[in-house]
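**Q** As input, take model32.txt (compact mmCIF, C-alpha atoms):
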# COMPACT_ATOMS: atom_id res chain seq x y z
CA ARG H 768 -57.35 -38.75 -48.00
CA TYR H 769 -55.41 -36.66 -45.52
CA PRO H 770 -55.47 -32.88 -45.85
CA ASP H 771 -52.51 -31.12 -47.35
CA LEU H 772 -51.85 -29.00 -44.27
CA LEU H 773 -48.90 -30.13 -42.21
CA PRO H 774 -48.65 -29.32 -38.51
CA VAL H 775 -47.05 -26.11 -37.37
CA PRO H 776 -44.28 -26.51 -34.81
CA TYR H 777 -45.29 -24.61 -31.70
CA THR H 778 -41.89 -23.07 -31.00
CA THR H 779 -40.50 -19.58 -30.56
CA GLU H 780 -38.82 -19.82 -33.96
CA ALA H 781 -42.08 -20.71 -35.69
CA LEU H 782 -43.88 -17.95 -33.78
CA ASP H 783 -41.29 -15.41 -34.96
CA HIS H 784 -41.73 -16.60 -38.56
CA PHE H 785 -45.54 -16.55 -38.50
CA ALA H 786 -45.68 -13.20 -36.70
CA ALA H 787 -43.52 -11.66 -39.43
CA GLN H 788 -45.69 -13.17 -42.17
CA VAL H 789 -49.00 -12.17 -40.56
CA SER H 790 -47.71 -8.65 -39.95
CA ARG H 791 -46.59 -8.38 -43.57
CA VAL H 792 -49.97 -9.52 -44.91
CA GLN H 793 -51.91 -7.22 -42.59
CA GLU H 794 -49.71 -4.28 -43.53
CA ARG H 795 -50.21 -5.01 -47.22
CA LEU H 796 -53.98 -5.36 -46.80
CA GLY H 797 -54.27 -2.40 -44.48
CA ARG H 798 -56.45 -4.37 -42.10
CA THR H 799 -56.32 -7.05 -39.44
CA MET H 800 -57.06 -10.64 -40.29
CA LEU H 801 -58.20 -13.74 -38.45
CA ILE H 802 -55.92 -16.77 -38.13
CA GLU H 803 -57.58 -20.21 -37.91
CA ASN H 804 -56.45 -22.93 -35.54
CA PRO H 805 -55.57 -25.99 -37.64
CA SER H 806 -56.70 -29.59 -37.45
CA ARG H 807 -53.72 -31.60 -36.29
CA TYR H 808 -52.95 -35.22 -37.01
CA LEU H 809 -49.54 -35.30 -35.38
CA ALA H 810 -47.40 -32.96 -33.31
CA PHE H 811 -43.75 -32.07 -33.40
CA ALA H 812 -41.69 -33.62 -30.60
CA GLY H 813 -39.91 -30.27 -30.14
CA ASP H 814 -43.00 -28.17 -29.42
CA THR H 815 -42.24 -25.73 -26.61
CA MET H 816 -45.76 -24.38 -26.16
CA GLY H 817 -49.35 -25.47 -26.55
CA GLU H 818 -51.65 -24.44 -29.36
CA ALA H 819 -53.60 -21.85 -27.34
CA GLU H 820 -50.38 -20.29 -26.03
CA PHE H 821 -48.95 -20.12 -29.56
CA LEU H 822 -52.10 -18.60 -31.06
CA HIS H 823 -52.46 -16.12 -28.20
CA ALA H 824 -48.87 -14.97 -28.62
CA LEU H 825 -49.36 -14.65 -32.40
CA CYS H 826 -52.49 -12.53 -31.90
CA VAL H 827 -50.84 -10.30 -29.28
CA ARG H 828 -47.68 -9.76 -31.35
CA THR H 829 -49.46 -8.98 -34.61
CA GLY H 830 -52.84 -7.60 -33.56
CA CYS H 831 -54.59 -10.27 -35.61
CA GLY H 832 -57.61 -12.11 -34.30
CA LEU H 833 -58.55 -15.76 -34.11
CA LEU H 834 -60.96 -17.66 -36.30
CA LEU H 835 -61.75 -20.44 -33.83
CA ASP H 836 -62.61 -23.70 -35.56
CA ILE H 837 -64.14 -25.79 -32.81
CA ASN H 838 -64.28 -28.94 -34.94
CA ASN H 839 -60.52 -28.57 -35.38
CA ILE H 840 -60.15 -28.61 -31.60
CA GLU H 841 -62.10 -31.87 -31.36
CA VAL H 842 -60.11 -33.37 -34.25
CA SER H 843 -56.73 -32.32 -32.81
CA ALA H 844 -57.58 -33.33 -29.25
CA THR H 845 -58.77 -36.79 -30.30
CA ASN H 846 -55.89 -37.40 -32.70
CA LEU H 847 -53.21 -36.22 -30.26
CA GLY H 848 -54.74 -37.59 -27.04
CA LEU H 849 -55.38 -34.12 -25.57
CA ASP H 850 -58.25 -32.74 -23.48
CA ALA H 851 -60.61 -30.87 -25.83
CA GLN H 852 -62.36 -29.07 -22.96
CA ALA H 853 -59.04 -27.82 -21.60
CA MET H 854 -58.11 -26.68 -25.11
CA ILE H 855 -61.36 -24.71 -25.54
CA ASP H 856 -61.01 -23.24 -22.05
CA ALA H 857 -57.48 -22.02 -22.88
CA ILE H 858 -58.76 -19.84 -25.74
CA ASP H 859 -59.14 -16.17 -24.83
CA PRO H 860 -62.62 -15.19 -26.09
CA SER H 861 -61.52 -11.57 -26.60
CA LEU H 862 -59.27 -12.73 -29.46
CA VAL H 863 -62.02 -14.62 -31.32
CA GLY H 864 -63.61 -12.79 -34.24
CA GLU H 865 -65.52 -15.76 -35.68
CA VAL H 866 -66.26 -19.39 -34.88
CA HIS H 867 -66.38 -22.22 -37.39
CA LEU H 868 -68.25 -25.48 -36.84
CA ALA H 869 -67.95 -28.50 -39.10
CA GLY H 870 -68.13 -32.24 -39.19
CA HIS H 871 -65.43 -34.83 -39.59
CA ALA H 872 -64.98 -38.39 -40.73
CA VAL H 873 -63.86 -41.09 -38.33
CA GLU H 874 -61.42 -43.83 -39.31
CA GLU H 875 -61.17 -46.71 -36.84
CA HIS H 876 -57.66 -48.06 -36.34
CA ALA H 877 -56.19 -50.64 -33.97
CA ASP H 878 -54.71 -47.88 -31.80
CA GLY H 879 -57.93 -45.84 -31.74
CA PRO H 880 -59.95 -43.53 -33.93
CA LEU H 881 -58.44 -41.01 -36.32
CA LEU H 882 -60.63 -37.98 -37.01
CA ILE H 883 -60.37 -36.42 -40.47
CA ASP H 884 -61.52 -32.82 -40.87
CA ASP H 885 -63.63 -33.33 -44.00
CA HIS H 886 -66.36 -30.69 -43.73
CA GLY H 887 -68.65 -33.36 -45.11
CA SER H 888 -70.45 -34.65 -42.04
CA VAL H 889 -72.89 -33.24 -39.52
CA VAL H 890 -71.41 -31.39 -36.56
CA SER H 891 -70.67 -33.97 -33.87
CA ASP H 892 -72.23 -33.91 -30.41
CA ALA H 893 -68.76 -33.34 -28.92
CA THR H 894 -68.21 -30.28 -31.14
CA TRP H 895 -71.65 -28.90 -30.20
CA GLN H 896 -70.74 -29.34 -26.51
CA LEU H 897 -67.42 -27.54 -27.01
CA PHE H 898 -69.24 -24.75 -28.86
CA GLU H 899 -71.71 -24.40 -25.98
CA ARG H 900 -68.85 -24.36 -23.48
CA PHE H 901 -67.12 -21.60 -25.46
CA VAL H 902 -70.16 -19.35 -25.96
CA ASP H 903 -71.03 -19.72 -22.27
CA ARG H 904 -67.79 -17.80 -21.63
CA ALA H 905 -67.65 -15.65 -24.76
CA GLY H 906 -71.27 -14.85 -25.44
CA PRO H 907 -72.68 -14.83 -28.97
CA VAL H 908 -70.12 -14.64 -31.77
CA PRO H 909 -70.36 -14.81 -35.57
CA VAL H 910 -70.60 -18.47 -36.59
CA LEU H 911 -70.10 -20.28 -39.87
CA ILE H 912 -71.06 -23.93 -40.29
CA GLU H 913 -68.80 -25.40 -42.96
CA TRP H 914 -69.88 -27.96 -45.53
CA ASP H 915 -67.44 -28.47 -48.41
CA THR H 916 -68.22 -32.07 -49.39
CA ASN H 917 -71.24 -34.38 -49.17
CA ILE H 918 -73.58 -31.37 -49.04
CA PRO H 919 -76.78 -32.58 -47.31
CA GLU H 920 -80.40 -31.70 -47.88
CA PHE H 921 -81.29 -28.09 -47.06
CA ASP H 922 -83.23 -29.03 -43.91
CA VAL H 923 -80.05 -30.56 -42.42
CA LEU H 924 -78.28 -27.23 -42.94
CA LEU H 925 -81.22 -25.37 -41.39
CA THR H 926 -81.22 -27.73 -38.39
CA GLU H 927 -77.52 -27.12 -37.72
CA ALA H 928 -78.00 -23.36 -38.06
CA ALA H 929 -80.94 -23.54 -35.63
CA ILE H 930 -78.83 -25.44 -33.07
CA ALA H 931 -76.07 -22.82 -33.29
CA ASP H 932 -78.59 -20.00 -33.00
CA ALA H 933 -80.36 -21.58 -30.01
CA THR H 934 -77.02 -22.16 -28.26
CA MET H 935 -76.03 -18.52 -28.69
CA ARG H 936 -79.46 -17.21 -27.64
CA ARG H 937 -79.31 -19.31 -24.47
CA ALA H 938 -75.80 -18.07 -23.69
CA ALA H 939 -76.92 -14.47 -24.25
CA ARG H 940 -79.88 -14.93 -21.87
CA VAL H 941 -77.63 -16.48 -19.21
CA ARG H 942 -75.09 -13.67 -19.55
CA GLN H 943 -77.85 -11.03 -19.40
CA GLY H 944 -79.26 -12.68 -16.27
CA MET H 945 -75.82 -12.71 -14.66
CA ARG H 946 -75.34 -9.00 -15.45
CA GLY H 947 -78.73 -8.28 -13.90
CA GLN H 948 -77.76 -10.16 -10.74
CA LEU H 949 -74.43 -8.34 -10.51
CA HIS H 950 -76.19 -5.00 -11.01
CA ALA H 951 -78.64 -5.85 -8.21
CA LEU H 952 -75.74 -6.68 -5.87
CA ALA H 953 -73.97 -3.37 -6.56
As C-alpha cells - that is how I would like this structure written.
**A**
Amino acid sequence: RYPDLLPVPYTTEALDHFAAQVSRVQERLGRTMLIENPSRYLAFAGDTMGEAEFLHALCVRTGCGLLLDINNIEVSATNLGLDAQAMIDAIDPSLVGEVHLAGHAVEEHADGPLLIDDHGSVVSDATWQLFERFVDRAGPVPVLIEWDTNIPEFDVLLTEAAIADATMRRAARVRQGMRGQLHALA
C-alpha cells in the first residue's frame, strides 16, 4: 500500500545530483519545469538540510520552480514529527508556480498515525488551513485538486474547488486592502 517513491536524502551530494538532472531535462525541453515536494514516510539520518532549504537551493541552482503539494507537507510533517506550519512558512512563495491539494488515508498504529498520500480522500482540514496560510503570504496561485482513486460524486469535487477559490479570493482581497493601506500611508 505504500507509494513507490523513496525519500530523497537532503544532502549536498543529492542536491548536486538532482541539480544536474533537472538542468539536463530543462535544457533538453528548452523550458523550465516545476519540481514537486514529495510525501515522506521516513527521513535519512544523514540529512544535512531541511526540505525547504533543499528545494530552495535546487530552484536557485537550476532556475526551476516549485510545484507545492500542500497535502505532502501535512503527510510528511505528521509522519516525521515535524511542524507543518513551520514547513509551509519556510517555502518561498516566489518559487511556487502551482499548488496541489489532495487527500490522504490515515492508518492508526501504536506509535501514532501514519498518513498515506492516496489522492483518494477529501482534502483534510489541516491541509486547507496550510493552504490558507500559504496563500495569505503568496496571494492567489494556480491550484490543482488531485483525485486519483476513489473518485467522489461531482458535487464533492465542486465543493473542494469552491473552497480553494474562496480561499484565494479572500487572500486577494486582504492583499489588495493591505496595498491600499500602504499606498495611503505613502
**Q** Which of these residues is nearest to Asp814 of chain H, using all atoms listed in the file: H:Ser861, H:Thr779, H:Gln788, H:Thr934?
**A**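 Closest to Asp814 of chain H of all the choices is H:Thr779.
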**Q** Nearest residue to Glu875 of chain H out of H:Leu925, H:Arg791, H:Arg798, H:Asn846, using all atoms listed in the file?
**A**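 Nearest to Glu875 of chain H: H:Asn846.
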**Q** Restricting the calculation to all atoms listed in the file, which member of H:Ala928, H:Val890, H:Leu809, H:Met854 is positioned closest to Leu835 of chain H?
**A**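 Nearest to Leu835 of chain H: H:Met854.
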**Q** Looking at all atoms listed in the file, which of H:Leu834, H:Leu882, H:Ala853, H:Asp783 is the one that sits closest to Arg807 of chain H?
**A**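 Result for the nearest residue to Arg807 of chain H: H:Leu882.
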**Q** Quick one: everything within 12 Å of Gln852 of chain H, counting only C-alpha atoms, minus sequence neighbours fewer than 5 positions away in the same chain. Send it as a PyMOL selection string.
**A** chain H and resi 837+840-841+843-845+857-858+893-901
**Q** Of the residues H:Ala939, H:Ile883, H:Leu862, H:Val775, which is the one nearest to Glu818 of chain H, using all atoms listed in the file?
**A** H:Val775
**Q** When you count only C-alpha atoms, which of these residues is closest to Leu868 of chain H: H:Ile918, H:Met935, H:Val923, H:Val889?
**A** H:Val889
